[in-house]
Amino acid sequence: MKIALASDHAAYDMKEKIKEFLNSREIEWEDFGTFSNDSVDYPDFAIPAAESVAGNYSDIGIIICGTGIGMSIAANKVKGVRAALCCTEDTAILSRQHNNANVLCFGARTNSWENAQIMITAFLTTEFEGDRHIRRLDKIQSYEC
Ligand code: RB5
């Protein structure tokens with residue numbers, strides 16, 4: 001399992017904590033930036049991480065900003081990416097079970113570190129349920145703008 005990580009400046013500190021969290025569980029990651037608290041533009045980091053997932057260079061992504069909103073909007077522009085903006089353990093579980101989400105997004109300014117760890121754990125340990133959800137996801141995947 002390899003995880004693509006990305007954040008903007010607002011979530012840089014939490015991204016560093018996520019690396020320690022993954023290291024302690026011996027989970028491989030690749031960091032797509034940002035690499036400091038200096039102000040940056042979140043699409044510059046969301047899109048490369050999302051492309052890593054879409055291209056199967058990473059199994060999943062965890063990409064975060066102040067609210068998680070900008071990161072999720074940007075990541076979902078990449079075909080094959082299903083980025084879920086989560087805020088609770090339940091939404092993280094359901095994003096895997098029903099949406100087969102392959103990128104977890106959340107806000108570093110809107111979630112405690114405790115909740116972040118709970119959501120990451122739920123996302124990493126929950127399987128897609130398949131069945132009727134496959135049909136629904138196929139309708140998204142086949143949509144052309
Ligand atoms: C940065 O100030 C903030 O706008 C960004 O982290 C994010 O919340 C955008 O969606």
# chains A, B, ... in the order shown; residues from 1 in each chain; ligands from 1

call {"tool": "closest_atom_pairs", "arguments": {"of": "range 91-119 of chain A", "to": "range 54-64 of chain A", "cutoff": "10 Å", "atoms": "only C-alpha atoms", "output": "tab-separated table"}}
result
residue	atom	partner	partner_atom	distance
A:Ala101	CA	A:Ile60	CA	8.5
A:Asn102	CA	A:Ile60	CA	4.9
A:Val103	CA	A:Gly61	CA	4.3
A:Leu104	CA	A:Ile62	CA	4.8
A:Cys105	CA	A:Ile63	CA	5.2
A:Phe106	CA	A:Ile64	CA	5.4
A:Gly107	CA	A:Ile64	CA	5.8
A:Ala108	CA	A:Ile64	CA	6.6
A:Arg109	CA	A:Ile64	CA	9.7

call {"tool": "residues_around", "arguments": {"residues": "Ser7 in chain A", "least_positions_apart": "2", "cutoff": "9 Å", "atoms": "only C-alpha atoms", "output": "list in words"}}
result
Leu5, His9, Ala10, Ala11, Tyr12, Met14, Lys15, Asp31, Phe32, Gly33, Thr34, Phe35, Tyr42, Phe45, Ala46, Ile62, Ile63, Ile64, Cys65, Gly66 and Met71 of chain A

call {"tool": "select_by_dssp", "arguments": {"residues": "range 7-100 of chain A", "states": "helix (DSSP H, G or I)", "output": "VMD selection string"}}
result
chain A and resid 9 to 24 43 to 54 69 to 75 89 to 97

call {"tool": "residues_around", "arguments": {"residues": "Ala75 in chain A", "least_positions_apart": "5", "cutoff": "9 Å", "atoms": "only C-alpha atoms", "output": "NGL selection string"}}
result
:A and (43 or 46-51 or 63 or 70 or 81-83 or 103)

call {"tool": "write_last_selection", "arguments": {"atoms": "all heavy atoms", "output": "CSV table (one decimal), in the first residue's frame"}}
result
chain,number,residue,atom,x,y,z
A,43,PRO,N,-4.3,23.8,-5.8
A,43,PRO,CA,-4.4,22.9,-6.9
A,43,PRO,C,-3.0,22.4,-7.4
A,43,PRO,O,-2.9,21.3,-8.0
A,43,PRO,CB,-5.0,23.8,-8.0
A,43,PRO,CG,-5.7,24.8,-7.3
A,43,PRO,CD,-4.9,25.1,-6.1
A,46,ALA,N,-2.7,19.3,-5.1
A,46,ALA,CA,-3.8,18.3,-5.2
A,46,ALA,C,-3.7,17.5,-6.5
A,46,ALA,O,-3.9,16.3,-6.5
A,46,ALA,CB,-5.2,19.0,-5.2
A,47,ILE,N,-3.5,18.2,-7.6
A,47,ILE,CA,-3.5,17.5,-8.9
A,47,ILE,C,-2.4,16.5,-9.1
A,47,ILE,O,-2.7,15.4,-9.5
A,47,ILE,CB,-3.6,18.6,-10.1
A,47,ILE,CG1,-5.0,19.3,-10.0
A,47,ILE,CG2,-3.4,18.0,-11.4
A,47,ILE,CD1,-5.3,20.5,-10.9
A,48,PRO,N,-1.2,16.8,-8.8
A,48,PRO,CA,-0.1,15.8,-8.9
A,48,PRO,C,-0.4,14.6,-8.0
A,48,PRO,O,-0.2,13.4,-8.5
A,48,PRO,CB,1.2,16.5,-8.5
A,48,PRO,CG,0.9,18.0,-8.8
A,48,PRO,CD,-0.6,18.2,-8.5
A,49,ALA,N,-0.9,14.8,-6.8
A,49,ALA,CA,-1.2,13.6,-6.0
A,49,ALA,C,-2.4,12.8,-6.6
A,49,ALA,O,-2.3,11.6,-6.6
A,49,ALA,CB,-1.6,14.1,-4.6
A,50,ALA,N,-3.4,13.5,-7.1
A,50,ALA,CA,-4.5,12.8,-7.7
A,50,ALA,C,-4.1,12.1,-8.9
A,50,ALA,O,-4.5,10.9,-9.2
A,50,ALA,CB,-5.6,13.8,-8.1
A,51,GLU,N,-3.2,12.7,-9.7
A,51,GLU,CA,-2.6,12.0,-10.9
A,51,GLU,C,-1.9,10.7,-10.5
A,51,GLU,O,-1.9,9.7,-11.3
A,51,GLU,CB,-1.8,12.9,-11.7
A,51,GLU,CG,-2.6,13.9,-12.5
A,51,GLU,CD,-1.8,14.9,-13.3
A,51,GLU,OE1,-0.6,15.1,-12.9
A,51,GLU,OE2,-2.3,15.5,-14.3
A,63,ILE,N,-5.3,14.0,0.9
A,63,ILE,CA,-4.9,15.3,0.5
A,63,ILE,C,-5.8,16.3,1.3
A,63,ILE,O,-7.0,16.2,1.3
A,63,ILE,CB,-5.0,15.5,-1.0
A,63,ILE,CG1,-6.4,15.5,-1.6
A,63,ILE,CG2,-4.1,14.5,-1.7
A,63,ILE,CD1,-6.5,15.8,-3.0
A,70,GLY,N,-11.2,22.8,-1.3
A,70,GLY,CA,-10.4,23.1,-2.5
A,70,GLY,C,-9.7,21.9,-3.0
A,70,GLY,O,-9.7,21.6,-4.2
A,81,VAL,N,-10.3,9.6,-10.5
A,81,VAL,CA,-10.2,9.9,-9.0
A,81,VAL,C,-11.6,10.1,-8.5
A,81,VAL,O,-12.5,10.8,-9.1
A,81,VAL,CB,-9.3,11.2,-8.8
A,81,VAL,CG1,-9.5,11.8,-7.4
A,81,VAL,CG2,-7.9,10.8,-9.1
A,82,ARG,N,-11.8,9.5,-7.3
A,82,ARG,CA,-13.0,9.7,-6.5
A,82,ARG,C,-12.6,10.3,-5.2
A,82,ARG,O,-12.3,9.5,-4.2
A,82,ARG,CB,-13.8,8.4,-6.4
A,82,ARG,CG,-14.3,7.9,-7.8
A,82,ARG,CD,-14.9,6.5,-7.6
A,82,ARG,NE,-14.0,5.5,-7.2
A,82,ARG,CZ,-13.1,4.9,-8.0
A,82,ARG,NH1,-13.0,5.2,-9.3
A,82,ARG,NH2,-12.2,4.1,-7.5
A,83,ALA,N,-12.5,11.6,-5.1
A,83,ALA,CA,-12.1,12.2,-3.9
A,83,ALA,C,-13.3,12.5,-3.0
A,83,ALA,O,-14.2,13.2,-3.4
A,83,ALA,CB,-11.3,13.5,-4.2
A,103,VAL,N,-9.4,8.8,-2.8
A,103,VAL,CA,-8.7,9.9,-2.2
A,103,VAL,C,-9.5,10.4,-1.0
A,103,VAL,O,-10.7,10.7,-1.2
A,103,VAL,CB,-8.5,11.1,-3.2
A,103,VAL,CG1,-7.9,12.3,-2.5
A,103,VAL,CG2,-7.5,10.6,-4.4

call {"tool": "residues_around", "arguments": {"residues": "Trp29 in chain A", "least_positions_apart": "3", "cutoff": "6 Å", "atoms": "only C-alpha atoms", "output": "list in words"}}
result
Lys2, Ile3 and Ala4 of chain A

call {"tool": "closest_residue", "arguments": {"among": "A:Glu144, A:Glu30, A:Asp41, A:Glu16", "to": "ligand 1", "atoms": "only C-alpha atoms and all ligand atoms"}}
result
A:Asp41

call {"tool": "closest_residue", "arguments": {"among": "A:Ile118, A:Ile27, A:Val53, A:Leu85", "to": "ligand 1", "atoms": "only C-alpha atoms and all ligand atoms"}}
result
A:Leu85

call {"tool": "residues_around", "arguments": {"residues": "Asp90 in chain A", "least_positions_apart": "6", "cutoff": "10 Å", "atoms": "only C-alpha atoms", "output": "PyMOL selection string"}}
result
chain A and resi 118-119+122-123

call {"tool": "write_last_selection", "arguments": {"atoms": "N, CA and C atoms", "output": "PDB file, in the first residue's frame"}}
result
ATOM      1  N   ILE A 118      -8.818   9.075  13.241  1.00  0.00           N
ATOM      2  CA  ILE A 118      -9.979   8.170  13.161  1.00  0.00           C
ATOM      3  C   ILE A 118     -10.426   8.028  11.708  1.00  0.00           C
ATOM      4  N   MET A 119     -10.493   9.137  10.985  1.00  0.00           N
ATOM      5  CA  MET A 119     -10.938   9.084   9.585  1.00  0.00           C
ATOM      6  C   MET A 119      -9.938   8.339   8.710  1.00  0.00           C
ATOM      7  N   ALA A 122     -10.270   4.622   9.377  1.00  0.00           N
ATOM      8  CA  ALA A 122     -11.501   4.101   8.766  1.00  0.00           C
ATOM      9  C   ALA A 122     -11.337   3.972   7.257  1.00  0.00           C
ATOM     10  N   PHE A 123     -10.742   4.978   6.645  1.00  0.00           N
ATOM     11  CA  PHE A 123     -10.564   4.978   5.182  1.00  0.00           C
ATOM     12  C   PHE A 123      -9.651   3.828   4.748  1.00  0.00           C
TER      13      PHE A 123
END

call {"tool": "atom_distance", "arguments": {"atom1": "CA of Lys77 in chain A", "atom2": "CA of Val40 in chain A"}}
result
19.2 Å

call {"tool": "closest_residue", "arguments": {"among": "A:Val78, A:His98, A:Thr110, A:Arg135", "to": "ligand 1", "atoms": "only C-alpha atoms and all ligand atoms"}}
result
A:Thr110

call {"tool": "closest_residue", "arguments": {"among": "A:Ser112, A:Asn23, A:Gln117, A:Asn37", "to": "ligand 1", "atoms": "only C-alpha atoms and all ligand atoms"}}
result
A:Asn37

call {"tool": "closest_residue", "arguments": {"among": "A:Ser24, A:Asn115, A:Ser52, A:Ser39", "to": "Gly80 in chain A", "atoms": "only C-alpha atoms"}}
result
A:Ser52
